[in-house]
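A quick write-up on the structure given underneath.
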Amino acid sequence: MKKLIIEDDEKCVGCALCMYACARRFGEAGVDSSGILAVSKSGFERGATVIVCRACEEPICAEVCSTDALKARDQGGVKYDEDNCIGCENCIYACPVGAVFKRSDGKISVCVHCGYCVDYCPHGVLSYKDIEPGEKDENDPGVET
Amino acid sequence: MKLDVLTIDLSKYEATTEEREDLKEWLGGAGLATQLMKEDLSSPGCDPLSEENVIVLASGPFTSAYPAAPKCVSMFKSPLTGNLGESHAGGRTATCISNAGYRAVVIKGKSKKPVYVVIDDDKVYFRDAGALWGIGNSLITGRIIAENEKGRGLRSILRIGGAGEKLVRYAGVTTETYRHFGRLGLGAVFGSKNLKALMIKGTKSSKVHDRRSHREMYDKIYKKAVESDAMSKYHLLGTAVNVNSLNEMGALPTENLQRTSFENAEKLSGEKLAESIGQRIACNHCPIACIHIANLREQYRDEPYFYKTIKISYDYELIFALGSMLGIGSKDDLLKMIHKVELYGMDAMSTGVALAWATEAFEKGLISKDETKVNLKFGDRDAYLKAIDHILDQPTEFYSHLAKGVEKCSDVYGGEEFALAFGGNEMPGYHTGYAAAVGHSIGLRHSHLDNAGYSMDQSIEEYPAPSKLVDDLMEEEQLRQMLSSLVICFFGRGVYSPEIISDALKPLGYDLSVEELEELGRSIYFEKLKLKKDLGFKAEDMKIPKRILETESSQGKLDKEYLDQALEYFKKIVKKA
């Protein structure tokens with residue numbers, strides 16, 4: 001299954017074009033429905049990076065969802081059915097990466113690994129790759145995706 | 001797309017939002033800010049440091065919709081010139097205003113005690129800043145607020161350093177650590193209002209009018225942006241690439257413009273500074289990433305193996321003002337100077353030009369060590385670092401005058417012939433010829449970015465009649481008003497032709513032809529000129545410092561007659577406006 005991968009976070013300039021791309025899928029000019037967040041590393045003097053879903057095989061965000069709005073996908077990550085979402089924010093608190101975000105309507109946004117943002121990352125931070133569960137990402141030494 | 005304006009009254013600790021569809025024709029940025037200034041500055045003759053001054057911060061309709069339009073236009077009455085103040089900054093300010101649901105924010109009144117204000121989407125909080133007041137280092141203020149407020153990645157933190165608190169008339173406002181509302185003294189206006197900082201958190205979106213055509217237009221603009229020259233020019237070496245070329249053509253102001261080439265220019269060049277690049281970062285929603293940050297590693301003198309690494313952003317204008325203009329000839333010395341000015345939140349250009357004048361005045365005996373407390377000498381980094389401290393602390397009457405700008409200081413001590421300011425604003429780093437000299441004089445904010453005369457000088461083969469030169473400069477400035485109403489970064493101007501802008505506005509619900517856009521630029525220009533006149537601008541007061549005529553530019557010595565004719569022609573235009 002193809003997944004969104006942070007290829008090299010050192011290259012991130014914090015431009016946030018990925019965020020605007022993600023929200024654009026919903027006809028938005030802005031960041032409300034974005035499932036990815038560009039941040040400085042505690043101030044731009046230490047650089048920038050993006051925070052995004054790592055496509056867990058056993059996603060804790062789905063485990064804590066009591067309404068089945070978030071469901072685990074077969075090969076990692078989650079599917080989001082916003083009609084079922086009641087805005088309880090359990091998933092936001094459960095995700096250790098901080099990759100589930102609150103929208104202005106009280107519901108959530110999370111990356112569903114569609115790869116749309118990759119084409120708008122001008123500096124080679126993001127990529128979209130076929131990675132099997134348990135397979136190692138060569139750019140992420142020691143960490144299994 | 002709605003056009004909402006948030007007004008914050010610091011005297012009453014109140015905030016109100018108003019939908020202003022009636023101002024839609026002005027789009028945003030410079031166009032909208034001019035109209036809001038006209039409305040909200042009820043006493044145009046007011047003291048810029050009084051409660052009556054207002055601050056407008058404006059974003060544009062493209063900011064969250066398309067890349068490379070992330071500039072925030074600030075307008076206020078300038079405490080440096082006593083006239084219209086306008087300064088633009090990148091970072092996240094414009095996108096956060098837009099994503100919080102506003103096109104512009106207006107700040108009025110004066111808080112009774114130090115505060116910082118938090119705009120959290122549709123809520124506004126007034127926070128006591130008593131414990132932050134007195135922190136001279138703007139980096140620390142920014143860090144404290146960042147650590148105590150929520151909204152990482154979705155907020156912009158505008159703050160002043162010591163210079164804004166001490167009302168240095170060329171104090172700036174810093175945002176996202178490395179971007180600045182640098183020119184014309186917005187920092188002193190913040191300080192005068194007891195406003196230490198403004199945080200804007202914006203987490204929302206607006207719906208576009210036509211989703212499919214918006215995406216198509218976005219792709220077209222994005223592709224053009226990443227494939228354009230802007231990427232190679234501004235992303236690679238950045239604006240510092242100009243140091244060597246301006247030096248070679250004899251246009252690099254050196255030692256208070258006594259010369260236009262600097263023997264140590266190579267040591268301050270973009271190529272040399274690139275050896276110290278630690279990283280590059282971008283403004284929000286812009287692919288160019290033009291912000292270059294150098295690492296400076298310093299050892300503490302008294303402790304072995306104890307180092308600090310400072311991260312310093314640089315650009316051409318800082319290299320000119322704190323480098324060649326002061327005869328500072330090494331990369332590390334330059335970086336230390338930039339860092340000092342950054343900490344205090346002073347405008348680098350005004351500070352450098354003011355110190356360059358002071359050095360020459362000191363050499364000529366107009367002022368002595370009684371006034372300056374240090375022996376000012378071109379190239380002497382340590383003397384300048386102390387002098388910058390003194391501009392902040394103002395231990396002598398002289399420094400309190402120098403903190404008012406080079407024009408006002410030379411009124412007191414003499415040496416106005418080598419006080420390098422246009423309209424009260426210290427000169428930018430180009431002695432390229434007639435178009436720069438005239439451009440800085442007639443530009444409505446006396447900035448090189450108003451009409452890019454420096455660029456015209458470099459492409460011109462034969463100068464036209466003075467009136468034609470003024471017309472050409474005004475035409476460029478009018479085009480730039482239109483770009484600035486959409487807050488398109490001038491680095492990305494090659495991407496945004498009027499045709500593309502017209503097409504890109506349609507999916508957002510605006511229908512403006514190329515001709516209408518050009519007309520809009522002209523209207524904004526004359527609206528701004530009228531506002532400038534209301535604020536007391538008198539074209540007959542315009543003067544070009546004698547030094548500009550004495551020192552050879554890259555186009556040779558400038559003829560006074562030509563410059564006088566150009567200014568005379570412009571005076572007639574001002575009179576009619």
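Following the order of the structure tokens, chains are lettered A, B, ..., residues in each are numbered from 1, and ligands are numbered from 1.
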Report task. Show which residues sit within 10 Å of A:Cys91, as a ChimeraX atom specification. Count only C-alpha atoms, and ignore same-chain residues fewer than 4 positions away. Result -> /A:59-66,70,87,95-96,98-102,108,110
Contacts between chain B and chain A, please, where a residue of chain A counts if it comes within 10 Å (with only C-alpha atoms); show its shortest atom pair and distance in Å to one decimal, rows by chain and ascending number, as a Markdown table.
| residue | atom | partner | partner_atom | distance |
| --- | --- | --- | --- | --- |
| A:Glu10 | CA | B:Gln279 | CA | 8.9 |
| A:Lys11 | CA | B:Gln279 | CA | 8.5 |
| A:Cys12 | CA | B:Ile281 | CA | 7.7 |
| A:Val13 | CA | B:Ile281 | CA | 4.1 |
| A:Gly14 | CA | B:Ala282 | CA | 5.9 |
| A:Cys15 | CA | B:Asn284 | CA | 4.8 |
| A:Ala16 | CA | B:His285 | CA | 5.6 |
| A:Leu17 | CA | B:His285 | CA | 5.2 |
| A:Cys18 | CA | B:His285 | CA | 8.8 |
| A:Met19 | CA | B:His285 | CA | 8.7 |
| A:Tyr20 | CA | B:His285 | CA | 7.4 |
| A:Ala21 | CA | B:Arg215 | CA | 9.2 |
| A:Ala23 | CA | B:Ser205 | CA | 8.0 |
| A:Arg24 | CA | B:Arg215 | CA | 7.3 |
| A:Arg25 | CA | B:Arg211 | CA | 8.5 |
| A:Phe26 | CA | B:Arg211 | CA | 8.1 |
| A:Gly27 | CA | B:Arg211 | CA | 4.9 |
| A:Glu28 | CA | B:Lys207 | CA | 4.6 |
| A:Ala29 | CA | B:Ala65 | CA | 4.5 |
| A:Gly30 | CA | B:Ser205 | CA | 3.9 |
| A:Val31 | CA | B:Ser205 | CA | 5.6 |
| A:Asp32 | CA | B:Lys204 | CA | 4.3 |
| A:Ser33 | CA | B:Ser205 | CA | 7.9 |
| A:Ser34 | CA | B:Thr203 | CA | 9.6 |
| A:Leu37 | CA | B:Gly153 | CA | 6.7 |
| A:Ala38 | CA | B:Gly153 | CA | 5.8 |
| A:Val39 | CA | B:Gly153 | CA | 4.3 |
| A:Ser40 | CA | B:Gly153 | CA | 6.7 |
| A:Lys41 | CA | B:Gly153 | CA | 9.6 |
| A:Ser42 | CA | B:Ala146 | CA | 8.1 |
| A:Gly43 | CA | B:Thr177 | CA | 7.2 |
| A:Phe44 | CA | B:Thr177 | CA | 6.7 |
| A:Glu45 | CA | B:Lys311 | CA | 5.9 |
| A:Arg46 | CA | B:Lys311 | CA | 8.4 |
| A:Gly47 | CA | B:Gln279 | CA | 7.0 |
| A:Ala48 | CA | B:Ile281 | CA | 7.6 |
| A:Thr49 | CA | B:Gly153 | CA | 9.8 |
| A:Val50 | CA | B:Gly153 | CA | 9.3 |
| A:Ile51 | CA | B:Gly153 | CA | 9.9 |
| A:Lys102 | CA | B:Thr203 | CA | 9.1 |
| A:Arg103 | CA | B:Lys204 | CA | 7.6 |
| A:Ser104 | CA | B:Lys204 | CA | 6.3 |
| A:Asp105 | CA | B:Lys204 | CA | 9.5 |
| A:Asp119 | CA | B:Asp219 | CA | 9.7 |
| A:Tyr120 | CA | B:Tyr222 | CA | 7.9 |
| A:Cys121 | CA | B:Pro287 | CA | 8.0 |
| A:Pro122 | CA | B:Pro287 | CA | 6.1 |
| A:His123 | CA | B:Pro287 | CA | 8.2 |
Report task. List the neighbours of A:Leu126 out to 7 Å using only C-alpha atoms; skip same-chain residues closer than 5 positions along the sequence, and give me the result as a list in words. Result -> Leu4, Ile5, Ile6, Glu7, Val118 and Cys121 of chain A
How would the residues just picked look written out with all heavy atoms as a short mmCIF file (atom, residue, chain, number, x, y, z; two decimals), in the first residue's frame?
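To be explicit, this is the file written out as result_16.cif:
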data_model
loop_
_atom_site.label_atom_id
_atom_site.label_comp_id
_atom_site.auth_asym_id
_atom_site.auth_seq_id
_atom_site.Cartn_x
_atom_site.Cartn_y
_atom_site.Cartn_z
N LEU A 4 2.23 7.99 2.74
CA LEU A 4 2.96 9.26 2.78
C LEU A 4 4.15 9.11 3.72
O LEU A 4 3.98 8.71 4.87
CB LEU A 4 2.03 10.37 3.27
CG LEU A 4 2.67 11.75 3.39
CD1 LEU A 4 2.98 12.33 2.03
CD2 LEU A 4 1.75 12.69 4.15
N ILE A 5 5.32 9.41 3.23
CA ILE A 5 6.54 9.23 4.01
C ILE A 5 7.25 10.57 4.18
O ILE A 5 7.33 11.35 3.23
CB ILE A 5 7.52 8.29 3.25
CG1 ILE A 5 6.87 6.93 3.00
CG2 ILE A 5 8.84 8.13 3.98
CD1 ILE A 5 6.61 6.12 4.25
N ILE A 6 7.78 10.81 5.37
CA ILE A 6 8.67 11.96 5.53
C ILE A 6 10.05 11.50 5.10
O ILE A 6 10.73 10.76 5.80
CB ILE A 6 8.68 12.49 6.98
CG1 ILE A 6 7.26 12.92 7.39
CG2 ILE A 6 9.65 13.66 7.10
CD1 ILE A 6 7.14 13.41 8.81
N GLU A 7 10.43 11.89 3.92
CA GLU A 7 11.67 11.43 3.30
C GLU A 7 12.88 12.00 4.02
O GLU A 7 13.83 11.30 4.31
CB GLU A 7 11.66 11.88 1.83
CG GLU A 7 12.74 11.29 0.97
CD GLU A 7 12.42 9.86 0.53
OE1 GLU A 7 11.25 9.51 0.36
OE2 GLU A 7 13.39 9.11 0.39
N VAL A 118 2.10 15.56 -1.70
CA VAL A 118 3.49 15.31 -2.10
C VAL A 118 3.89 16.15 -3.31
O VAL A 118 5.01 16.66 -3.39
CB VAL A 118 3.70 13.80 -2.40
CG1 VAL A 118 5.09 13.54 -2.97
CG2 VAL A 118 3.50 13.01 -1.13
N CYS A 121 5.22 19.62 -2.39
CA CYS A 121 6.36 19.79 -1.47
C CYS A 121 7.57 20.13 -2.34
O CYS A 121 8.13 19.26 -3.00
CB CYS A 121 6.62 18.51 -0.68
SG CYS A 121 8.07 18.64 0.38
#
Query raised in the report: What are the DSSP alpha helix (DSSP H) residues of stretch 362-476 of chain B, as a PyMOL selection string?
Result: chain B and resi 362-363+369-372+381-393+397-402+406-413+434-442+448-451+453-459+466-476
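Nearest-residue note for B:His401: choosing from B:Leu186, B:Ala465, B:Leu520, B:Thr372, the minimum distance belongs to B:Thr372, counting only C-alpha atoms.
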Query raised in the report: Taking only C-alpha atoms into account, which of A:Lys129, A:Lys2, A:Arg73, A:His113 comes nearest A:Glu58?
Result: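 Closest to A:Glu58 of all the choices is A:Arg73.
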Requested in this report: May I ask which of the residues A:Val78, A:Ile36, A:Cys88, A:Val125 is the closest one to A:Val112, counting only C-alpha atoms?
Outcome: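 Distance minimum relative to A:Val112 lands on A:Val78.
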